[in-house]
Amino acid sequence: MTILLFGSFLFFLILRTPVVFALGLSSLAVLLWKGDITLMLLAQRTAAGLDSFPLLAVPLFILMGEILNRGGCGEKLVAFSERLVGGVTGGLAHANILASMFFGGISGVATADTAAIGSVMIPTMVRAGYDAKFSTVVTVTSSIIGIIVPPSIDMILYGWISGTSIAELFAGGIIPGTLIGLSLMALSHWISFKRGYRSQERFSLRRLFKAFLIALPALVMPILIVGGIFGGAFTATEGAAVAVVYGIFIATFFYKGLKFREIPSLILQVCTTVGGIMLLIALCKTFGWILTAERIPHAISDFFLGNLPYRSVFLLNVILVSLIIGTFLTPAAATIILTPILFPVATSFGIDPVHFGLVLVCSVAIGHVTPPVALTLYIGSGISGVPVSQLLRPLAPFLLILFAWALIVAYVPWFTLAIPSLLR
Amino acid sequence: MMAEKIRKGLLYVEWTLAGAFLFIMTFSVFLEVLARYVLHLSLSWPEEVARFSFIWASLLGASIAMERKKLHDIDIVFEHLPHIARPFIAFVVNLFIIGILVVFVLYGAKLTALVHLQVSPAMEIRMSYVYSAIPFALGLMLISQIFETIETFFLLPFFKSGEESV
């Protein structure tokens, strides 16, 4: 049965069936094979899978990100980051990474981040004399920080599937997300120093202050939402709804970037993204039910406990599997499929659910920039015009840092659990 | 031409409805927060409105994603398959997708009929209004998938060579 489930899933994936339908068809194949279960289950679990208030945070955060993106928030954050760190060696590279960290706090979707920051930053960097490959690589690798720092769509999905507190997961992402950003900045600094990318603008407190004031409404937003969620003022879903209304307000009245006639295309974009993720969530319920009924996670944990009863070996396997699945699927899809398989095993090893969530989401996120198929690479290459094949060499040192972080997150739980333990 | 028009019309319907549900969803959650902090009222119905509009918006959104061909797939293996095999595979895969959509529409409709007498706890609306999102949205997906399959059918090699010989 396990072979039928995974075999048919793989078979359909290879034949270019959309991931959602590959998942649905393999679940259907198992249900038909068993024969003793009514297919009504499929429909019922689909509806039940979506009937959830915490899950509502996903479309709301996607909506908020899109509103702010079109409202011109990305440019304001880039301008502020440029004023802040533009004076250092490799200043624009630092500004790029910093803007990704700020914007990641707003959108929570890496591809949106790549597009929003990259479309402003890559041309600016190239004009200032930076190598186009280097600029693309910096943009692409830093955009995955958005998946790790709160609010993060993938953390919500993991939290919802595994029953882990979303507030604690959000809290857990703060330290790793920030440190990944800082280490990418350190590497860019070294490369910029070696290649002689000197800064062209002088630091000016007055201009910094001006840019800060303009970016302020966008900067306070993640602090507001995350603070509200941590403080218990509202749930993630409620926070997201408040953020959408706040976002509409600043995007139309303060930044004046969001035009009324753009709203239909904004809705189309949001519905497309949300629909793709949610259909997967809906079908994942049946998939998860089959996994449990077939005791597949149980079999995996039996295997590990019997043959390799080491937590570290299991975590290493989780990282590798997540990296591989993460290159092929979007982070959301990878999280939706991997969590029901791996989470029960992690529990049997006594791994903290928040810590495990961070390990899984970080690895999936890093998979999102691992060549040759990762989606963000193609988006970055689409903006800069540098073919993906030429990005591989400049990408290598950045990827090494990210891989190192996947290991650090997995083996030093302090990084992920220090802040969540304050909330407990 | 006709098919194109119908597909455009479908997308327009899905787009409008999904947008409306997205709007209702957002503002009912916002209203709930507002009522709690400003009016000190604990309302139970906004959460239910939000959840139900979320189901509708999600499934309609899925049909939009499908119509716009934005559902994620993996083409790395497919692109290395022999040219001659690709249209056949695409056609067969499309047939499979029709198959699963038919199952969903059929059993979704059965489920809707089954829960018709149940009412929701807070607003006391019929649950069939919520569950009918499955047969409705997936039915729309089925229609666009049928058009898609017919298109891929005419891309099969023997049709192409037939055109050339004429």
# chains A, B, ... in the order shown; residues from 1 in each chain; ligands from 1
>>> closest_atom_pairs(of="range 16-128 of chain B", to="range 265-279 of chain A", cutoff="10 Å", atoms="only C-alpha atoms", output="tab-separated table")
residue	atom	partner	partner_atom	distance
B:Thr16	CA	A:Ile267	CA	8.9
B:Ala18	CA	A:Cys271	CA	6.9
B:Gly19	CA	A:Ile267	CA	5.9
B:Ala20	CA	A:Ile267	CA	9.4
B:Leu22	CA	A:Cys271	CA	8.2
B:Phe23	CA	A:Ile267	CA	9.4
B:Phe54	CA	A:Met278	CA	9.7
B:Ile55	CA	A:Met278	CA	8.8
B:Trp56	CA	A:Gly275	CA	10.0
B:Ala57	CA	A:Cys271	CA	7.3
B:Ser58	CA	A:Gly275	CA	4.8
B:Leu59	CA	A:Gly275	CA	6.1
B:Leu60	CA	A:Gly275	CA	6.9
B:Gly61	CA	A:Gly275	CA	3.9
B:Ala62	CA	A:Gly275	CA	3.7
B:Ser63	CA	A:Gly275	CA	7.2
B:Ile64	CA	A:Thr272	CA	5.8
B:Ala65	CA	A:Thr272	CA	4.5
B:Met66	CA	A:Gly276	CA	8.1
B:Glu67	CA	A:Thr272	CA	9.5
B:Arg68	CA	A:Thr272	CA	8.1
B:Lys69	CA	A:Thr272	CA	9.6
B:Lys70	CA	A:Thr272	CA	7.1
B:Leu71	CA	A:Gly276	CA	5.9
B:His72	CA	A:Gly276	CA	7.7
>>> residues_around(residues="Glu48 in chain B", least_positions_apart="2", cutoff="9 Å", atoms="only C-alpha atoms", output="short mmCIF file (atom, residue, chain, number, x, y, z; two decimals) with C-alpha atoms, in the first residue's frame")
data_model
loop_
_atom_site.label_atom_id
_atom_site.label_comp_id
_atom_site.auth_asym_id
_atom_site.auth_seq_id
_atom_site.Cartn_x
_atom_site.Cartn_y
_atom_site.Cartn_z
CA PHE A 53 -9.89 29.35 11.56
CA SER B 28 -15.49 39.63 9.13
CA SER B 44 -19.51 34.35 17.37
CA TRP B 45 -20.91 34.75 13.88
CA PRO B 46 -18.02 36.63 12.21
CA ALA B 50 -15.01 34.03 7.73
CA ARG B 51 -14.48 30.27 7.77
CA PHE B 52 -17.26 29.62 5.28
CA SER B 53 -16.15 32.38 2.89
CA SER B 120 -24.25 25.73 11.41
CA PRO B 121 -23.95 26.43 15.16
CA ALA B 122 -23.67 30.23 15.16
CA MET B 123 -25.63 31.53 12.19
#
>>> residues_around(residues="His355 in chain A", least_positions_apart="6", cutoff="9 Å", atoms="only C-alpha atoms", output="list in words")
Leu169, Gly172, Val409, Ala410, Pro413, Trp414, Phe415, Thr416 and Leu417 of chain A
>>> residues_around(residues="Thr26 in chain B", least_positions_apart="3", cutoff="9 Å", atoms="only C-alpha atoms", output="MDAnalysis selection string")
(chainID A and resid 60 240:242 244:245) or (chainID B and resid 21:23 29:31 50)
>>> select_by_dssp(residues="range 29-163 of chain B", states="helix (DSSP H, G or I)", output="PyMOL selection string")
chain B and resi 29-37+45-67+78-80+86-114+127-131+133-153+157-163
>>> closest_residue(among="A:Val373, A:Ile324, A:Val30, A:Ala365", to="chain B", atoms="only C-alpha atoms")
A:Val373
>>> closest_residue(among="B:Gly108, B:Gly139, B:Gly9, B:Pro157", to="chain A", atoms="only C-alpha atoms")
B:Gly108
>>> closest_residue(among="B:Ala85, B:Val77, B:Leu17, B:Val115", to="chain A", atoms="only C-alpha atoms")
B:Val77
>>> residues_around(residues="Thr237 in chain A", least_positions_apart="5", cutoff="12 Å", atoms="only C-alpha atoms", output="ChimeraX atom specification")
/A:52-62,64,151,153,156,160,166-167,225-226,228-229,242-244 /B:25-30,32-33,47,50-51,54
>>> write_last_selection(atoms="N, CA and C atoms", output="compact mmCIF listing (two decimals), in the first residue's frame")
# COMPACT_ATOMS: atom_id res chain seq x y z
N SER A 52 -11.12 25.69 8.90
CA SER A 52 -10.27 25.92 10.05
C SER A 52 -9.95 27.40 10.17
N PHE A 53 -10.13 27.93 11.36
CA PHE A 53 -9.89 29.35 11.56
C PHE A 53 -8.39 29.71 11.54
N PRO A 54 -7.51 28.91 12.18
CA PRO A 54 -6.08 29.25 12.12
C PRO A 54 -5.53 29.31 10.70
N LEU A 55 -6.06 28.44 9.84
CA LEU A 55 -5.57 28.37 8.46
C LEU A 55 -5.89 29.64 7.68
N LEU A 56 -6.91 30.36 8.14
CA LEU A 56 -7.31 31.60 7.49
C LEU A 56 -6.19 32.64 7.46
N ALA A 57 -5.23 32.48 8.36
CA ALA A 57 -4.11 33.42 8.39
C ALA A 57 -3.33 33.38 7.09
N VAL A 58 -3.32 32.22 6.43
CA VAL A 58 -2.54 32.07 5.20
C VAL A 58 -3.02 33.03 4.09
N PRO A 59 -4.31 32.96 3.69
CA PRO A 59 -4.73 33.90 2.65
C PRO A 59 -4.59 35.36 3.08
N LEU A 60 -4.80 35.61 4.38
CA LEU A 60 -4.73 37.00 4.83
C LEU A 60 -3.31 37.55 4.73
N PHE A 61 -2.31 36.74 5.12
CA PHE A 61 -0.93 37.21 5.01
C PHE A 61 -0.51 37.36 3.54
N ILE A 62 -1.02 36.46 2.69
CA ILE A 62 -0.69 36.59 1.26
C ILE A 62 -1.30 37.87 0.71
N MET A 64 -2.06 40.57 2.41
CA MET A 64 -1.34 41.72 2.95
C MET A 64 -0.03 41.97 2.19
N PRO A 151 5.93 37.17 9.91
CA PRO A 151 5.00 36.05 9.77
C PRO A 151 5.38 35.20 8.58
N ILE A 153 4.18 32.00 6.05
CA ILE A 153 3.09 31.14 5.59
C ILE A 153 3.40 29.68 5.94
N ILE A 156 2.86 28.70 9.49
CA ILE A 156 1.43 28.53 9.78
C ILE A 156 0.99 27.14 9.31
N TRP A 160 -0.27 24.28 11.75
CA TRP A 160 -1.64 23.80 11.64
C TRP A 160 -1.67 22.28 11.48
N ILE A 166 1.36 28.43 16.70
CA ILE A 166 1.90 29.27 15.63
C ILE A 166 2.70 30.44 16.21
N ALA A 167 2.24 30.96 17.35
CA ALA A 167 2.97 32.06 17.99
C ALA A 167 4.39 31.62 18.35
N ILE A 225 2.20 43.28 14.38
CA ILE A 225 1.50 41.99 14.28
C ILE A 225 2.13 40.97 15.21
N VAL A 226 3.48 40.83 15.09
CA VAL A 226 4.14 39.79 15.85
C VAL A 226 4.02 40.09 17.34
N GLY A 228 1.62 41.72 18.79
CA GLY A 228 0.23 41.45 19.18
C GLY A 228 -0.02 39.97 19.36
N ILE A 229 0.58 39.17 18.47
CA ILE A 229 0.37 37.72 18.56
C ILE A 229 1.09 37.16 19.79
N VAL A 242 -6.06 42.37 10.81
CA VAL A 242 -5.76 43.75 11.20
C VAL A 242 -4.68 44.31 10.27
N ALA A 243 -3.67 43.47 9.98
CA ALA A 243 -2.58 43.90 9.11
C ALA A 243 -3.06 44.21 7.70
N VAL A 244 -4.02 43.44 7.21
CA VAL A 244 -4.55 43.70 5.86
C VAL A 244 -5.19 45.09 5.82
N MET B 25 -14.41 37.60 3.90
CA MET B 25 -13.57 36.89 4.86
C MET B 25 -12.71 37.85 5.67
N THR B 26 -12.01 38.75 4.94
CA THR B 26 -11.10 39.68 5.61
C THR B 26 -11.86 40.57 6.59
N PHE B 27 -12.97 41.13 6.11
CA PHE B 27 -13.63 42.10 6.96
C PHE B 27 -14.41 41.48 8.10
N SER B 28 -14.83 40.22 7.97
CA SER B 28 -15.49 39.63 9.13
C SER B 28 -14.49 39.31 10.24
N VAL B 29 -13.25 38.91 9.86
CA VAL B 29 -12.25 38.70 10.92
C VAL B 29 -11.91 40.04 11.56
N PHE B 30 -11.74 41.07 10.73
CA PHE B 30 -11.42 42.40 11.26
C PHE B 30 -12.53 42.89 12.19
N GLU B 32 -14.56 41.12 13.93
CA GLU B 32 -14.54 40.37 15.18
C GLU B 32 -13.54 40.98 16.16
N VAL B 33 -12.35 41.34 15.63
CA VAL B 33 -11.32 41.95 16.48
C VAL B 33 -11.80 43.32 16.98
N GLU B 47 -16.68 34.75 12.96
CA GLU B 47 -15.72 33.68 12.73
C GLU B 47 -16.29 32.66 11.75
N ALA B 50 -16.36 34.03 8.29
CA ALA B 50 -15.01 34.03 7.73
C ALA B 50 -14.60 32.64 7.27
N ARG B 51 -14.88 31.63 8.12
CA ARG B 51 -14.48 30.27 7.77
C ARG B 51 -15.19 29.79 6.52
N PHE B 54 -13.97 31.53 3.50
CA PHE B 54 -12.62 31.04 3.23
C PHE B 54 -12.67 29.77 2.38
>>> residues_around(residues="range 88-99 of chain B", least_positions_apart="6", cutoff="8 Å", atoms="only C-alpha atoms", output="list in words")
Phe12, Leu15, Arg16, Thr17, Phe21 and Leu25 of chain A; Leu142, Gln145, Ile146, Glu148, Thr149, Thr152, Phe153 and Leu156 of chain B
>>> closest_residue(among="A:Lys194, A:His368, A:Lys76, A:His189", to="Leu219 in chain A", atoms="only C-alpha atoms")
A:Lys76
>>> closest_residue(among="A:Gly49, A:Gly357, A:Gly104, A:Gly382", to="chain B", atoms="only C-alpha atoms")
A:Gly49
>>> closest_residue(among="A:Phe193, A:Phe234, A:Phe80, A:Trp33", to="chain B", atoms="only C-alpha atoms")
A:Phe234
>>> decode(residues="range 115-126 of chain B", atoms="all heavy atoms", output="JSON list (two decimals), in the first residue's frame")
[["chain", "number", "residue", "atom", "x", "y", "z"],
["B", 115, "VAL", "N", -25.70, 16.64, 4.00],
["B", 115, "VAL", "CA", -25.65, 17.58, 5.12],
["B", 115, "VAL", "C", -26.71, 18.68, 4.99],
["B", 115, "VAL", "O", -26.70, 19.63, 5.75],
["B", 115, "VAL", "CB", -24.25, 18.24, 5.26],
["B", 115, "VAL", "CG1", -23.20, 17.21, 5.55],
["B", 115, "VAL", "CG2", -23.90, 19.04, 4.01],
["B", 116, "HIS", "N", -27.59, 18.53, 4.01],
["B", 116, "HIS", "CA", -28.54, 19.59, 3.73],
["B", 116, "HIS", "C", -29.36, 19.97, 4.96],
["B", 116, "HIS", "O", -29.67, 21.14, 5.18],
["B", 116, "HIS", "CB", -29.47, 19.17, 2.59],
["B", 116, "HIS", "CG", -30.44, 20.24, 2.20],
["B", 116, "HIS", "ND1", -30.02, 21.45, 1.69],
["B", 116, "HIS", "CD2", -31.78, 20.31, 2.27],
["B", 116, "HIS", "CE1", -31.08, 22.22, 1.46],
["B", 116, "HIS", "NE2", -32.15, 21.53, 1.80],
["B", 117, "LEU", "N", -29.69, 19.01, 5.79],
["B", 117, "LEU", "CA", -30.55, 19.29, 6.94],
["B", 117, "LEU", "C", -29.78, 19.84, 8.15],
["B", 117, "LEU", "O", -30.38, 20.38, 9.07],
["B", 117, "LEU", "CB", -31.33, 18.04, 7.34],
["B", 117, "LEU", "CG", -32.39, 17.62, 6.31],
["B", 117, "LEU", "CD1", -33.08, 16.33, 6.75],
["B", 117, "LEU", "CD2", -33.43, 18.72, 6.11],
["B", 118, "GLN", "N", -28.46, 19.70, 8.13],
["B", 118, "GLN", "CA", -27.68, 20.23, 9.25],
["B", 118, "GLN", "C", -27.59, 21.75, 9.15],
["B", 118, "GLN", "O", -27.53, 22.30, 8.05],
["B", 118, "GLN", "CB", -26.25, 19.68, 9.22],
["B", 118, "GLN", "CG", -26.18, 18.19, 9.48],
["B", 118, "GLN", "CD", -24.75, 17.69, 9.34],
["B", 118, "GLN", "OE1", -23.80, 18.45, 9.37],
["B", 118, "GLN", "NE2", -24.62, 16.38, 9.19],
["B", 119, "VAL", "N", -27.57, 22.39, 10.32],
["B", 119, "VAL", "CA", -27.38, 23.85, 10.30],
["B", 119, "VAL", "C", -26.11, 24.18, 11.09],
["B", 119, "VAL", "O", -25.70, 23.45, 11.98],
["B", 119, "VAL", "CB", -28.58, 24.62, 10.89],
["B", 119, "VAL", "CG1", -29.77, 24.53, 9.97],
["B", 119, "VAL", "CG2", -28.91, 24.13, 12.28],
["B", 120, "SER", "N", -25.48, 25.33, 10.74],
["B", 120, "SER", "CA", -24.25, 25.73, 11.41],
["B", 120, "SER", "C", -24.58, 26.23, 12.81],
["B", 120, "SER", "O", -25.67, 26.76, 13.05],
["B", 120, "SER", "CB", -23.57, 26.82, 10.61],
["B", 120, "SER", "OG", -24.34, 28.00, 10.67],
["B", 121, "PRO", "N", -23.66, 26.08, 13.77],
["B", 121, "PRO", "CA", -23.95, 26.43, 15.16],
["B", 121, "PRO", "C", -24.26, 27.91, 15.39],
["B", 121, "PRO", "O", -25.21, 28.23, 16.13],
["B", 121, "PRO", "CB", -22.69, 26.03, 15.92],
["B", 121, "PRO", "CG", -21.74, 25.46, 14.93],
["B", 121, "PRO", "CD", -22.36, 25.44, 13.60],
["B", 122, "ALA", "N", -23.49, 28.81, 14.79],
["B", 122, "ALA", "CA", -23.67, 30.23, 15.16],
["B", 122, "ALA", "C", -24.77, 30.91, 14.33],
["B", 122, "ALA", "O", -25.66, 31.54, 14.87],
["B", 122, "ALA", "CB", -22.36, 30.98, 15.02],
["B", 123, "MET", "N", -24.69, 30.78, 13.03],
["B", 123, "MET", "CA", -25.63, 31.53, 12.19],
["B", 123, "MET", "C", -26.87, 30.72, 11.84],
["B", 123, "MET", "O", -27.84, 31.26, 11.33],
["B", 123, "MET", "CB", -24.94, 31.96, 10.89],
["B", 123, "MET", "CG", -23.88, 32.99, 11.09],
["B", 123, "MET", "SD", -23.22, 33.48, 9.50],
["B", 123, "MET", "CE", -22.57, 31.93, 8.91],
["B", 124, "GLU", "N", -26.79, 29.42, 12.07],
["B", 124, "GLU", "CA", -27.88, 28.51, 11.74],
["B", 124, "GLU", "C", -28.24, 28.54, 10.26],
["B", 124, "GLU", "O", -29.41, 28.52, 9.89],
["B", 124, "GLU", "CB", -29.11, 28.80, 12.62],
["B", 124, "GLU", "CG", -28.78, 28.64, 14.10],
["B", 124, "GLU", "CD", -29.98, 28.77, 15.00],
["B", 124, "GLU", "OE1", -30.97, 29.38, 14.56],
["B", 124, "GLU", "OE2", -29.91, 28.25, 16.13],
["B", 125, "ILE", "N", -27.20, 28.64, 9.41],
["B", 125, "ILE", "CA", -27.48, 28.47, 7.99],
["B", 125, "ILE", "C", -27.25, 27.01, 7.63],
["B", 125, "ILE", "O", -26.55, 26.29, 8.33],
["B", 125, "ILE", "CB", -26.59, 29.38, 7.09],
["B", 125, "ILE", "CG1", -25.11, 29.01, 7.23],
["B", 125, "ILE", "CG2", -26.82, 30.84, 7.39],
["B", 125, "ILE", "CD1", -24.27, 29.46, 6.07],
["B", 126, "ARG", "N", -27.85, 26.60, 6.53],
["B", 126, "ARG", "CA", -27.71, 25.20, 6.12],
["B", 126, "ARG", "C", -26.27, 24.90, 5.73],
["B", 126, "ARG", "O", -25.65, 25.66, 4.99],
["B", 126, "ARG", "CB", -28.63, 24.92, 4.93],
["B", 126, "ARG", "CG", -30.09, 24.88, 5.32],
["B", 126, "ARG", "CD", -30.91, 24.29, 4.20],
["B", 126, "ARG", "NE", -32.33, 24.39, 4.53],
["B", 126, "ARG", "CZ", -32.92, 23.59, 5.42],
["B", 126, "ARG", "NH1", -32.23, 22.62, 6.00],
["B", 126, "ARG", "NH2", -34.20, 23.73, 5.68]]
